[in-house]
Amino acid sequence: MVIETFARVLCSSAVCALLAAPALAAEPVPAILIDTATIKAHPLPDYSYAGYGFGVADIPEARGTVLNVTDFGVVPDDGLDDSQAVLKALAKANAVKGQVTLRFPAGRIQITEILRITRSDIVIEGAGSGPGGTELYFPRPLKLIDQSPDQDEIRTYNVEEKKFQIEPEHNIHYLFSEYSWSGGFILVGPEGSRPASYLGRMDKRDPVLTDAVAGKQFGKTLTVADPRKLKTGQIVQLQWFSTDGEKSPIIASIYGKTDMPIGSRHWTQTNRATVAQSTRIMKIRGKVVTLGDPLLHDIRADQPAVIADWQHLTNVGIQNLHFTFPDAPAFGHHLEQGYNGIYFTGVFDGWMRNMVFDNADSGILTDNAASLTIADVRTRGNRKAHYSVHLGSVHNALVKDLTVENPVVHPVTVNTRSTRSVYLRANVMRDAVIDQHSGSNHQNLFDNMTLHISPKKTGDAYAYQLWLSGGAPYWKPGHGLYNTQWNTALVIDGSVPVDAEVDLTSGLEGTSAAIIGLHGNRKVKISYRPDAYTDATNQALTAVPSLYEYQLARRRAGK
């Protein structure tokens, strides 16, 4: 679908990454961008700010005070539970001033307690995720061991919203598990924080540092009412609220001009920001503030925003670990017992890398975080999982080189309120689907992914539902503007004849998706609802296989 107004918005900004029709372009579309087609009508934001340090900073090496869990009584490979010794080591690490690294030795270490990270400047590090590395073994689910009040809100929410998994053919009629998308054996977040809102009556607005007065979408400067509570280097959260209910301009800015029904949660939770952008202040000159990354939306009199004091941690890293859970039975979707690896919340500039998860219900869950890099993660096992790596309520999160070997309901997902986040080079090795989970997720990128699929045959035709918009009706549509899929490679199984065409279908997704360079080892056609902007279908984008890396290289070069 050609929407010229989108092109005009993007080309008026300094971060124009790809340009629209030649009449609107400020410079030519780079000839190398795609091989045989050009993007004529659909603008693309600059996704290159995703990741630690806005995508340009190196993840720091483990440093500061180093504590070895073996000094607190951990004995690997002895078949005994090491929980109390690990908790002692963690308590000591939390008490260290300055940077600290908590180091685990090679071998199997058994844990039956939740490990809580509530401080900044900490690295949890093992000896590697492969053979000869560190294996953390969790034999019991969170459903059994978690006696904390952490999940009380979501438990109440499930009851009040009547969240039941109902499958009559399997005699299933059970309340959702609180661990389907929450909780983990390593739980990261500021002390006493609330990572996500489920009950609107419990919402409290963050302290406002100043009102934002004016700013242009995709620009990096804004004018504020009073800069006295701001300082250079400060991490803040820019928040837009639905101030005029369902007619609020911010809702139109998320979804554009559409006849699709918009779910009521966008405006009924009045103390919960409809859009939240966690960022860093780079410069202050009078009342003009320069941010570390481009504005998600305009700021103006009818679309106001505030700069809020956001509770968060910084420089939290988890790396070089192998998480193992028992190969226990699966009771069904939304009935997970809580074999979750990491729940990473309330962090700005954090990372997780070089990790393997065996038999997890969810390997990594995120919420209310920003500027994250999640790299070199592999999920495996036979039990059907809910998520591999989940992006929920995050901004500028980068998931790169994810390998999904196990069956997963949502193997790659941008979930409620996630913005400008990226999956780069994900390889989903079975039953692949792309989940754009309802709830104002927008400006996200699925980049250079490899997806293995097994189409179904009906008569002489082959079809496969590649897109699945999860989420409740009160959070629909499935996504907002500028969600993009770039250079997706499909590996279609051999049951499909080489000369056949596969119809790729969707549920009812969201507005103005861009699907560019979708191709496979069989010819494909795209049946996306509502209409998406498509280009270079059945072509591999070999000149620029990754849009994220192309944009990052241009930004590094000052272009």
# chains A, B, ... in the order shown; residues from 1 in each chain; ligands from 1
>>> residues_around(residues="range 478-491 of chain A", least_positions_apart="4", cutoff="8 Å", atoms="only C-alpha atoms", output="VMD selection string")
chain A and resid 43 to 45 254 to 256 436 to 453 469 to 471 508 to 521 540 to 541 545 to 547
>>> residues_around(residues="Ala252 in chain A", least_positions_apart="6", cutoff="12 Å", atoms="only C-alpha atoms", output="list of chain:residue names")
A:Ser242, A:Asp244, A:Gly245, A:Glu246, A:Thr258, A:Asp259, A:Met260, A:Pro261, A:Ile262, A:His266, A:Thr274, A:His297, A:Asp298, A:Asp302, A:Gln303, A:Ser440, A:Gly480, A:Leu481, A:Thr511
>>> select_by_dssp(residues="range 313-462 of chain A", states="strand (DSSP E or B)", output="PDB file with N, CA and C atoms, in the first residue's frame")
ATOM      1  N   LEU A 313      18.118  -0.097  36.714  1.00  0.00           N
ATOM      2  CA  LEU A 313      19.512  -0.494  36.929  1.00  0.00           C
ATOM      3  C   LEU A 313      20.285  -0.233  35.645  1.00  0.00           C
ATOM      4  N   THR A 314      21.624  -0.183  35.744  1.00  0.00           N
ATOM      5  CA  THR A 314      22.471  -0.059  34.555  1.00  0.00           C
ATOM      6  C   THR A 314      23.627  -1.048  34.627  1.00  0.00           C
ATOM      7  N   ASN A 315      24.121  -1.392  33.445  1.00  0.00           N
ATOM      8  CA  ASN A 315      25.296  -2.257  33.321  1.00  0.00           C
ATOM      9  C   ASN A 315      25.134  -3.554  34.109  1.00  0.00           C
ATOM     10  N   VAL A 316      24.096  -4.291  33.741  1.00  0.00           N
ATOM     11  CA  VAL A 316      23.868  -5.632  34.271  1.00  0.00           C
ATOM     12  C   VAL A 316      24.083  -6.617  33.130  1.00  0.00           C
ATOM     13  N   GLY A 317      24.958  -7.594  33.346  1.00  0.00           N
ATOM     14  CA  GLY A 317      25.257  -8.575  32.317  1.00  0.00           C
ATOM     15  C   GLY A 317      25.181  -9.996  32.841  1.00  0.00           C
ATOM     16  N   ILE A 318      24.710 -10.907  32.007  1.00  0.00           N
ATOM     17  CA  ILE A 318      24.681 -12.341  32.314  1.00  0.00           C
ATOM     18  C   ILE A 318      25.256 -13.055  31.106  1.00  0.00           C
ATOM     19  N   GLN A 319      26.249 -13.914  31.323  1.00  0.00           N
ATOM     20  CA  GLN A 319      26.944 -14.468  30.162  1.00  0.00           C
ATOM     21  C   GLN A 319      27.616 -15.803  30.460  1.00  0.00           C
ATOM     22  N   ASN A 320      27.818 -16.571  29.372  1.00  0.00           N
ATOM     23  CA  ASN A 320      28.636 -17.788  29.382  1.00  0.00           C
ATOM     24  C   ASN A 320      28.068 -18.862  30.307  1.00  0.00           C
ATOM     25  N   LEU A 321      26.776 -19.160  30.140  1.00  0.00           N
ATOM     26  CA  LEU A 321      26.094 -20.114  31.015  1.00  0.00           C
ATOM     27  C   LEU A 321      25.210 -21.058  30.202  1.00  0.00           C
ATOM     28  N   HIS A 322      25.020 -22.246  30.748  1.00  0.00           N
ATOM     29  CA  HIS A 322      24.119 -23.248  30.182  1.00  0.00           C
ATOM     30  C   HIS A 322      23.047 -23.547  31.232  1.00  0.00           C
ATOM     31  N   PHE A 323      21.794 -23.244  30.904  1.00  0.00           N
ATOM     32  CA  PHE A 323      20.665 -23.478  31.803  1.00  0.00           C
ATOM     33  C   PHE A 323      20.001 -24.797  31.415  1.00  0.00           C
ATOM     34  N   THR A 324      19.810 -25.679  32.395  1.00  0.00           N
ATOM     35  CA  THR A 324      19.166 -26.956  32.119  1.00  0.00           C
ATOM     36  C   THR A 324      17.975 -27.146  33.052  1.00  0.00           C
ATOM     37  N   ASN A 340      11.511 -21.194  33.746  1.00  0.00           N
ATOM     38  CA  ASN A 340      11.963 -19.996  33.038  1.00  0.00           C
ATOM     39  C   ASN A 340      13.384 -19.644  33.461  1.00  0.00           C
ATOM     40  N   GLY A 341      14.228 -19.321  32.495  1.00  0.00           N
ATOM     41  CA  GLY A 341      15.619 -19.032  32.806  1.00  0.00           C
ATOM     42  C   GLY A 341      15.809 -17.669  33.450  1.00  0.00           C
ATOM     43  N   ILE A 342      15.623 -16.596  32.669  1.00  0.00           N
ATOM     44  CA  ILE A 342      15.942 -15.235  33.118  1.00  0.00           C
ATOM     45  C   ILE A 342      14.739 -14.338  32.905  1.00  0.00           C
ATOM     46  N   TYR A 343      14.411 -13.555  33.918  1.00  0.00           N
ATOM     47  CA  TYR A 343      13.426 -12.476  33.790  1.00  0.00           C
ATOM     48  C   TYR A 343      14.183 -11.174  34.006  1.00  0.00           C
ATOM     49  N   PHE A 344      14.371 -10.402  32.930  1.00  0.00           N
ATOM     50  CA  PHE A 344      15.279  -9.259  32.900  1.00  0.00           C
ATOM     51  C   PHE A 344      14.444  -8.001  32.790  1.00  0.00           C
ATOM     52  N   THR A 345      14.344  -7.234  33.863  1.00  0.00           N
ATOM     53  CA  THR A 345      13.445  -6.088  33.903  1.00  0.00           C
ATOM     54  C   THR A 345      14.163  -4.868  34.485  1.00  0.00           C
ATOM     55  N   VAL A 347      16.118  -2.456  33.365  1.00  0.00           N
ATOM     56  CA  VAL A 347      17.550  -2.247  33.096  1.00  0.00           C
ATOM     57  C   VAL A 347      17.707  -1.360  31.876  1.00  0.00           C
ATOM     58  N   PHE A 348      18.612  -0.404  31.963  1.00  0.00           N
ATOM     59  CA  PHE A 348      19.061   0.380  30.811  1.00  0.00           C
ATOM     60  C   PHE A 348      20.545   0.076  30.610  1.00  0.00           C
ATOM     61  N   ASP A 349      20.916  -0.288  29.388  1.00  0.00           N
ATOM     62  CA  ASP A 349      22.274  -0.753  29.080  1.00  0.00           C
ATOM     63  C   ASP A 349      22.575  -2.042  29.849  1.00  0.00           C
ATOM     64  N   GLY A 350      22.063  -3.133  29.306  1.00  0.00           N
ATOM     65  CA  GLY A 350      22.314  -4.459  29.859  1.00  0.00           C
ATOM     66  C   GLY A 350      22.562  -5.445  28.745  1.00  0.00           C
ATOM     67  N   TRP A 351      23.014  -6.642  29.121  1.00  0.00           N
ATOM     68  CA  TRP A 351      23.283  -7.644  28.089  1.00  0.00           C
ATOM     69  C   TRP A 351      23.154  -9.051  28.655  1.00  0.00           C
ATOM     70  N   MET A 352      22.854  -9.976  27.767  1.00  0.00           N
ATOM     71  CA  MET A 352      22.879 -11.414  28.016  1.00  0.00           C
ATOM     72  C   MET A 352      23.485 -12.051  26.780  1.00  0.00           C
ATOM     73  N   ARG A 353      24.484 -12.891  26.957  1.00  0.00           N
ATOM     74  CA  ARG A 353      25.146 -13.446  25.773  1.00  0.00           C
ATOM     75  C   ARG A 353      25.783 -14.791  26.066  1.00  0.00           C
ATOM     76  N   ASN A 354      25.959 -15.555  24.983  1.00  0.00           N
ATOM     77  CA  ASN A 354      26.604 -16.864  25.019  1.00  0.00           C
ATOM     78  C   ASN A 354      25.928 -17.771  26.042  1.00  0.00           C
ATOM     79  N   MET A 355      24.660 -18.117  25.764  1.00  0.00           N
ATOM     80  CA  MET A 355      23.897 -18.948  26.682  1.00  0.00           C
ATOM     81  C   MET A 355      23.101 -20.001  25.929  1.00  0.00           C
ATOM     82  N   VAL A 356      22.922 -21.150  26.577  1.00  0.00           N
ATOM     83  CA  VAL A 356      22.100 -22.237  26.058  1.00  0.00           C
ATOM     84  C   VAL A 356      21.029 -22.535  27.096  1.00  0.00           C
ATOM     85  N   PHE A 357      19.799 -22.778  26.612  1.00  0.00           N
ATOM     86  CA  PHE A 357      18.686 -23.131  27.484  1.00  0.00           C
ATOM     87  C   PHE A 357      18.110 -24.461  27.017  1.00  0.00           C
ATOM     88  N   ASP A 358      18.157 -25.471  27.872  1.00  0.00           N
ATOM     89  CA  ASP A 358      17.589 -26.778  27.563  1.00  0.00           C
ATOM     90  C   ASP A 358      16.303 -26.971  28.349  1.00  0.00           C
ATOM     91  N   SER A 362      10.420 -20.766  29.029  1.00  0.00           N
ATOM     92  CA  SER A 362      10.881 -19.562  28.338  1.00  0.00           C
ATOM     93  C   SER A 362      12.337 -19.358  28.720  1.00  0.00           C
ATOM     94  N   GLY A 363      13.188 -19.146  27.730  1.00  0.00           N
ATOM     95  CA  GLY A 363      14.607 -18.957  28.033  1.00  0.00           C
ATOM     96  C   GLY A 363      14.852 -17.610  28.675  1.00  0.00           C
ATOM     97  N   ILE A 364      14.494 -16.533  27.954  1.00  0.00           N
ATOM     98  CA  ILE A 364      14.688 -15.164  28.441  1.00  0.00           C
ATOM     99  C   ILE A 364      13.378 -14.401  28.263  1.00  0.00           C
ATOM    100  N   LEU A 365      12.923 -13.780  29.347  1.00  0.00           N
ATOM    101  CA  LEU A 365      11.781 -12.871  29.324  1.00  0.00           C
ATOM    102  C   LEU A 365      12.268 -11.483  29.696  1.00  0.00           C
ATOM    103  N   THR A 366      11.778 -10.462  29.004  1.00  0.00           N
ATOM    104  CA  THR A 366      12.152  -9.089  29.324  1.00  0.00           C
ATOM    105  C   THR A 366      10.896  -8.260  29.543  1.00  0.00           C
ATOM    106  N   ASP A 367      11.045  -7.187  30.310  1.00  0.00           N
ATOM    107  CA  ASP A 367       9.966  -6.221  30.517  1.00  0.00           C
ATOM    108  C   ASP A 367      10.580  -4.910  30.972  1.00  0.00           C
ATOM    109  N   ALA A 369      12.472  -2.430  29.958  1.00  0.00           N
ATOM    110  CA  ALA A 369      13.927  -2.293  29.863  1.00  0.00           C
ATOM    111  C   ALA A 369      14.273  -1.632  28.540  1.00  0.00           C
ATOM    112  N   ALA A 370      15.536  -1.218  28.398  1.00  0.00           N
ATOM    113  CA  ALA A 370      15.933  -0.515  27.180  1.00  0.00           C
ATOM    114  C   ALA A 370      17.430  -0.654  26.961  1.00  0.00           C
ATOM    115  N   SER A 371      17.837  -0.494  25.704  1.00  0.00           N
ATOM    116  CA  SER A 371      19.245  -0.559  25.308  1.00  0.00           C
ATOM    117  C   SER A 371      19.874  -1.879  25.768  1.00  0.00           C
ATOM    118  N   LEU A 372      19.265  -2.966  25.313  1.00  0.00           N
ATOM    119  CA  LEU A 372      19.732  -4.313  25.656  1.00  0.00           C
ATOM    120  C   LEU A 372      20.349  -4.979  24.434  1.00  0.00           C
ATOM    121  N   THR A 373      21.396  -5.769  24.670  1.00  0.00           N
ATOM    122  CA  THR A 373      21.912  -6.688  23.661  1.00  0.00           C
ATOM    123  C   THR A 373      21.792  -8.107  24.196  1.00  0.00           C
ATOM    124  N   ILE A 374      21.118  -8.948  23.426  1.00  0.00           N
ATOM    125  CA  ILE A 374      20.968 -10.371  23.750  1.00  0.00           C
ATOM    126  C   ILE A 374      21.567 -11.129  22.575  1.00  0.00           C
ATOM    127  N   ALA A 375      22.689 -11.795  22.800  1.00  0.00           N
ATOM    128  CA  ALA A 375      23.463 -12.332  21.674  1.00  0.00           C
ATOM    129  C   ALA A 375      23.871 -13.777  21.907  1.00  0.00           C
ATOM    130  N   ASP A 376      23.898 -14.541  20.815  1.00  0.00           N
ATOM    131  CA  ASP A 376      24.414 -15.906  20.824  1.00  0.00           C
ATOM    132  C   ASP A 376      23.691 -16.761  21.862  1.00  0.00           C
ATOM    133  N   VAL A 377      22.378 -16.870  21.674  1.00  0.00           N
ATOM    134  CA  VAL A 377      21.528 -17.665  22.555  1.00  0.00           C
ATOM    135  C   VAL A 377      20.960 -18.825  21.749  1.00  0.00           C
ATOM    136  N   ARG A 378      20.921 -19.992  22.377  1.00  0.00           N
ATOM    137  CA  ARG A 378      20.380 -21.195  21.739  1.00  0.00           C
ATOM    138  C   ARG A 378      19.375 -21.842  22.693  1.00  0.00           C
ATOM    139  N   THR A 379      18.158 -22.127  22.194  1.00  0.00           N
ATOM    140  CA  THR A 379      17.175 -22.835  23.007  1.00  0.00           C
ATOM    141  C   THR A 379      16.926 -24.210  22.390  1.00  0.00           C
ATOM    142  N   ARG A 380      16.846 -25.239  23.267  1.00  0.00           N
ATOM    143  CA  ARG A 380      16.739 -26.622  22.801  1.00  0.00           C
ATOM    144  C   ARG A 380      15.751 -27.387  23.683  1.00  0.00           C
ATOM    145  N   ALA A 385       7.772 -24.966  24.352  1.00  0.00           N
ATOM    146  CA  ALA A 385       7.999 -23.771  25.154  1.00  0.00           C
ATOM    147  C   ALA A 385       7.011 -22.684  24.760  1.00  0.00           C
ATOM    148  N   HIS A 386       6.915 -21.668  25.612  1.00  0.00           N
ATOM    149  CA  HIS A 386       6.083 -20.504  25.296  1.00  0.00           C
ATOM    150  C   HIS A 386       6.903 -19.489  24.494  1.00  0.00           C
ATOM    151  N   TYR A 387       8.061 -19.092  25.018  1.00  0.00           N
ATOM    152  CA  TYR A 387       8.942 -18.142  24.341  1.00  0.00           C
ATOM    153  C   TYR A 387      10.365 -18.697  24.322  1.00  0.00           C
ATOM    154  N   SER A 388      11.129 -18.276  23.332  1.00  0.00           N
ATOM    155  CA  SER A 388      12.579 -18.512  23.359  1.00  0.00           C
ATOM    156  C   SER A 388      13.218 -17.297  24.014  1.00  0.00           C
ATOM    157  N   VAL A 389      13.297 -16.182  23.265  1.00  0.00           N
ATOM    158  CA  VAL A 389      13.675 -14.873  23.817  1.00  0.00           C
ATOM    159  C   VAL A 389      12.510 -13.936  23.548  1.00  0.00           C
ATOM    160  N   HIS A 390      11.940 -13.401  24.616  1.00  0.00           N
ATOM    161  CA  HIS A 390      10.726 -12.581  24.564  1.00  0.00           C
ATOM    162  C   HIS A 390      11.105 -11.119  24.756  1.00  0.00           C
ATOM    163  N   LEU A 391      10.601 -10.251  23.878  1.00  0.00           N
ATOM    164  CA  LEU A 391      10.777  -8.810  24.016  1.00  0.00           C
ATOM    165  C   LEU A 391       9.430  -8.204  24.388  1.00  0.00           C
ATOM    166  N   VAL A 394       9.901  -3.247  25.869  1.00  0.00           N
ATOM    167  CA  VAL A 394      11.299  -2.849  25.785  1.00  0.00           C
ATOM    168  C   VAL A 394      11.480  -1.854  24.645  1.00  0.00           C
ATOM    169  N   HIS A 395      12.535  -1.071  24.744  1.00  0.00           N
ATOM    170  CA  HIS A 395      12.871  -0.089  23.723  1.00  0.00           C
ATOM    171  C   HIS A 395      14.339  -0.278  23.354  1.00  0.00           C
ATOM    172  N   ASN A 396      14.632  -0.285  22.056  1.00  0.00           N
ATOM    173  CA  ASN A 396      16.020  -0.429  21.573  1.00  0.00           C
ATOM    174  C   ASN A 396      16.673  -1.717  22.074  1.00  0.00           C
ATOM    175  N   ALA A 397      15.940  -2.820  22.031  1.00  0.00           N
ATOM    176  CA  ALA A 397      16.527  -4.119  22.379  1.00  0.00           C
ATOM    177  C   ALA A 397      16.965  -4.824  21.096  1.00  0.00           C
ATOM    178  N   LEU A 398      18.144  -5.432  21.141  1.00  0.00           N
ATOM    179  CA  LEU A 398      18.709  -6.155  20.004  1.00  0.00           C
ATOM    180  C   LEU A 398      18.912  -7.612  20.393  1.00  0.00           C
ATOM    181  N   VAL A 399      18.264  -8.509  19.637  1.00  0.00           N
ATOM    182  CA  VAL A 399      18.483  -9.948  19.794  1.00  0.00           C
ATOM    183  C   VAL A 399      19.190 -10.427  18.538  1.00  0.00           C
ATOM    184  N   LYS A 400      20.445 -10.823  18.667  1.00  0.00           N
ATOM    185  CA  LYS A 400      21.177 -11.239  17.473  1.00  0.00           C
ATOM    186  C   LYS A 400      21.731 -12.651  17.635  1.00  0.00           C
ATOM    187  N   ASP A 401      21.699 -13.384  16.533  1.00  0.00           N
ATOM    188  CA  ASP A 401      22.231 -14.747  16.469  1.00  0.00           C
ATOM    189  C   ASP A 401      21.550 -15.665  17.486  1.00  0.00           C
ATOM    190  N   LEU A 402      20.214 -15.626  17.463  1.00  0.00           N
ATOM    191  CA  LEU A 402      19.391 -16.532  18.248  1.00  0.00           C
ATOM    192  C   LEU A 402      19.116 -17.783  17.421  1.00  0.00           C
ATOM    193  N   THR A 403      19.320 -18.950  18.025  1.00  0.00           N
ATOM    194  CA  THR A 403      18.993 -20.215  17.383  1.00  0.00           C
ATOM    195  C   THR A 403      17.927 -20.922  18.202  1.00  0.00           C
ATOM    196  N   VAL A 404      16.801 -21.228  17.554  1.00  0.00           N
ATOM    197  CA  VAL A 404      15.677 -21.875  18.224  1.00  0.00           C
ATOM    198  C   VAL A 404      15.532 -23.282  17.645  1.00  0.00           C
ATOM    199  N   VAL A 408       8.385 -24.005  19.918  1.00  0.00           N
ATOM    200  CA  VAL A 408       8.064 -22.818  20.703  1.00  0.00           C
ATOM    201  C   VAL A 408       6.801 -22.180  20.124  1.00  0.00           C
ATOM    202  N   VAL A 409       5.869 -21.801  20.995  1.00  0.00           N
ATOM    203  CA  VAL A 409       4.655 -21.144  20.525  1.00  0.00           C
ATOM    204  C   VAL A 409       4.995 -19.827  19.839  1.00  0.00           C
ATOM    205  N   HIS A 410       5.841 -19.011  20.497  1.00  0.00           N
ATOM    206  CA  HIS A 410       6.262 -17.719  19.945  1.00  0.00           C
ATOM    207  C   HIS A 410       7.796 -17.694  19.874  1.00  0.00           C
ATOM    208  N   PRO A 411       8.384 -18.243  18.819  1.00  0.00           N
ATOM    209  CA  PRO A 411       9.848 -18.322  18.774  1.00  0.00           C
ATOM    210  C   PRO A 411      10.536 -16.975  18.640  1.00  0.00           C
ATOM    211  N   VAL A 412       9.941 -16.042  17.892  1.00  0.00           N
ATOM    212  CA  VAL A 412      10.415 -14.654  17.863  1.00  0.00           C
ATOM    213  C   VAL A 412       9.186 -13.777  18.069  1.00  0.00           C
ATOM    214  N   THR A 413       9.305 -12.777  18.942  1.00  0.00           N
ATOM    215  CA  THR A 413       8.133 -11.987  19.292  1.00  0.00           C
ATOM    216  C   THR A 413       8.514 -10.584  19.711  1.00  0.00           C
ATOM    217  N   VAL A 414       7.760  -9.603  19.226  1.00  0.00           N
ATOM    218  CA  VAL A 414       7.780  -8.263  19.806  1.00  0.00           C
ATOM    219  C   VAL A 414       6.438  -8.094  20.490  1.00  0.00           C
ATOM    220  N   THR A 419       9.226  -1.189  21.318  1.00  0.00           N
ATOM    221  CA  THR A 419       9.481  -0.210  20.260  1.00  0.00           C
ATOM    222  C   THR A 419      10.928  -0.272  19.791  1.00  0.00           C
ATOM    223  N   VAL A 422      14.930  -5.184  17.633  1.00  0.00           N
ATOM    224  CA  VAL A 422      15.411  -5.877  16.436  1.00  0.00           C
ATOM    225  C   VAL A 422      15.740  -7.337  16.757  1.00  0.00           C
ATOM    226  N   TYR A 423      15.259  -8.246  15.922  1.00  0.00           N
ATOM    227  CA  TYR A 423      15.796  -9.610  15.848  1.00  0.00           C
ATOM    228  C   TYR A 423      16.701  -9.677  14.625  1.00  0.00           C
ATOM    229  N   LEU A 424      17.963  -9.974  14.829  1.00  0.00           N
ATOM    230  CA  LEU A 424      18.953 -10.034  13.753  1.00  0.00           C
ATOM    231  C   LEU A 424      19.511 -11.445  13.643  1.00  0.00           C
ATOM    232  N   ASN A 427      17.523 -17.852  13.770  1.00  0.00           N
ATOM    233  CA  ASN A 427      17.369 -19.081  12.991  1.00  0.00           C
ATOM    234  C   ASN A 427      16.389 -19.977  13.742  1.00  0.00           C
ATOM    235  N   VAL A 428      15.144 -20.006  13.262  1.00  0.00           N
ATOM    236  CA  VAL A 428      14.108 -20.827  13.890  1.00  0.00           C
ATOM    237  C   VAL A 428      14.020 -22.117  13.089  1.00  0.00           C
ATOM    238  N   ILE A 434       6.192 -15.655  13.086  1.00  0.00           N
ATOM    239  CA  ILE A 434       6.565 -14.317  13.531  1.00  0.00           C
ATOM    240  C   ILE A 434       5.402 -13.768  14.341  1.00  0.00           C
ATOM    241  N   ASP A 435       5.648 -13.489  15.622  1.00  0.00           N
ATOM    242  CA  ASP A 435       4.600 -13.017  16.522  1.00  0.00           C
ATOM    243  C   ASP A 435       4.777 -11.528  16.776  1.00  0.00           C
ATOM    244  N   GLN A 436       3.785 -10.753  16.357  1.00  0.00           N
ATOM    245  CA  GLN A 436       3.724  -9.322  16.684  1.00  0.00           C
ATOM    246  C   GLN A 436       2.565  -9.172  17.654  1.00  0.00           C
ATOM    247  N   HIS A 442       5.460  -1.194  17.976  1.00  0.00           N
ATOM    248  CA  HIS A 442       5.614  -0.530  16.681  1.00  0.00           C
ATOM    249  C   HIS A 442       7.078  -0.138  16.476  1.00  0.00           C
ATOM    250  N   LEU A 445      11.866  -4.402  14.051  1.00  0.00           N
ATOM    251  CA  LEU A 445      12.491  -4.966  12.847  1.00  0.00           C
ATOM    252  C   LEU A 445      12.827  -6.435  13.046  1.00  0.00           C
ATOM    253  N   PHE A 446      12.402  -7.271  12.084  1.00  0.00           N
ATOM    254  CA  PHE A 446      12.837  -8.661  11.969  1.00  0.00           C
ATOM    255  C   PHE A 446      13.805  -8.712  10.786  1.00  0.00           C
ATOM    256  N   ASP A 447      15.074  -8.973  11.043  1.00  0.00           N
ATOM    257  CA  ASP A 447      16.132  -8.696  10.074  1.00  0.00           C
ATOM    258  C   ASP A 447      16.952  -9.943   9.757  1.00  0.00           C
ATOM    259  N   THR A 450      16.282 -16.651   9.316  1.00  0.00           N
ATOM    260  CA  THR A 450      16.079 -17.909   8.604  1.00  0.00           C
ATOM    261  C   THR A 450      15.000 -18.694   9.336  1.00  0.00           C
ATOM    262  N   LEU A 451      13.923 -19.022   8.630  1.00  0.00           N
ATOM    263  CA  LEU A 451      12.763 -19.645   9.248  1.00  0.00           C
ATOM    264  C   LEU A 451      12.443 -20.954   8.532  1.00  0.00           C
ATOM    265  N   HIS A 452      12.411 -22.041   9.274  1.00  0.00           N
ATOM    266  CA  HIS A 452      12.099 -23.360   8.722  1.00  0.00           C
ATOM    267  C   HIS A 452      10.611 -23.625   8.894  1.00  0.00           C
ATOM    268  N   ILE A 453       9.934 -23.981   7.796  1.00  0.00           N
ATOM    269  CA  ILE A 453       8.485 -24.163   7.848  1.00  0.00           C
ATOM    270  C   ILE A 453       8.068 -25.433   7.106  1.00  0.00           C
ATOM    271  N   LYS A 456       1.135 -26.782   4.665  1.00  0.00           N
ATOM    272  CA  LYS A 456       0.097 -27.790   4.547  1.00  0.00           C
ATOM    273  C   LYS A 456      -0.471 -27.774   3.133  1.00  0.00           C
ATOM    274  N   LYS A 457      -0.870 -28.947   2.685  1.00  0.00           N
ATOM    275  CA  LYS A 457      -1.432 -29.077   1.346  1.00  0.00           C
ATOM    276  C   LYS A 457      -2.943 -29.211   1.431  1.00  0.00           C
ATOM    277  N   THR A 458      -3.632 -28.375   0.673  1.00  0.00           N
ATOM    278  CA  THR A 458      -5.079 -28.475   0.541  1.00  0.00           C
ATOM    279  C   THR A 458      -5.391 -28.545  -0.950  1.00  0.00           C
ATOM    280  N   ALA A 461      -2.928 -26.946  -3.586  1.00  0.00           N
ATOM    281  CA  ALA A 461      -2.300 -25.717  -3.098  1.00  0.00           C
ATOM    282  C   ALA A 461      -1.576 -25.967  -1.778  1.00  0.00           C
ATOM    283  N   TYR A 462      -0.534 -25.163  -1.553  1.00  0.00           N
ATOM    284  CA  TYR A 462       0.245 -25.235  -0.314  1.00  0.00           C
ATOM    285  C   TYR A 462       0.162 -23.882   0.394  1.00  0.00           C
TER     286      TYR A 462
END
>>> residues_around(residues="Lys231 in chain A", least_positions_apart="6", cutoff="12 Å", atoms="only C-alpha atoms", output="list in words")
Leu209, Thr210, Arg280, Ile281, Met282, Lys283, Ile284, Arg285, Gly286, Lys287, Val288, Val289, Thr290, Leu291 and Asp309 of chain A
>>> write_last_selection(atoms="C-alpha atoms", output="PDB file, in the first residue's frame")
ATOM      1  CA  LEU A 209      11.129  15.993  35.893  1.00  0.00           C
ATOM      2  CA  THR A 210       9.686  18.400  33.339  1.00  0.00           C
ATOM      3  CA  ARG A 280      19.869   9.174  27.827  1.00  0.00           C
ATOM      4  CA  ILE A 281      20.273  12.957  27.814  1.00  0.00           C
ATOM      5  CA  MET A 282      23.317  13.784  25.706  1.00  0.00           C
ATOM      6  CA  LYS A 283      23.274  17.596  25.759  1.00  0.00           C
ATOM      7  CA  ILE A 284      21.339  20.491  27.300  1.00  0.00           C
ATOM      8  CA  ARG A 285      21.427  23.972  25.809  1.00  0.00           C
ATOM      9  CA  GLY A 286      18.921  26.273  27.449  1.00  0.00           C
ATOM     10  CA  LYS A 287      15.580  24.539  27.086  1.00  0.00           C
ATOM     11  CA  VAL A 288      16.712  22.402  24.147  1.00  0.00           C
ATOM     12  CA  VAL A 289      17.636  18.833  25.075  1.00  0.00           C
ATOM     13  CA  THR A 290      19.459  16.369  22.806  1.00  0.00           C
ATOM     14  CA  LEU A 291      18.682  12.691  23.333  1.00  0.00           C
ATOM     15  CA  ASP A 309      12.357   9.865  36.551  1.00  0.00           C
TER      16      ASP A 309
END
>>> atom_distance(atom1="CA of Leu468 in chain A", atom2="CA of Pro497 in chain A")
25.2 Å
>>> closest_residue(among="A:Gly183, A:Ile117, A:Leu296, A:Ala273", to="Ser253 in chain A", atoms="only C-alpha atoms")
A:Leu296
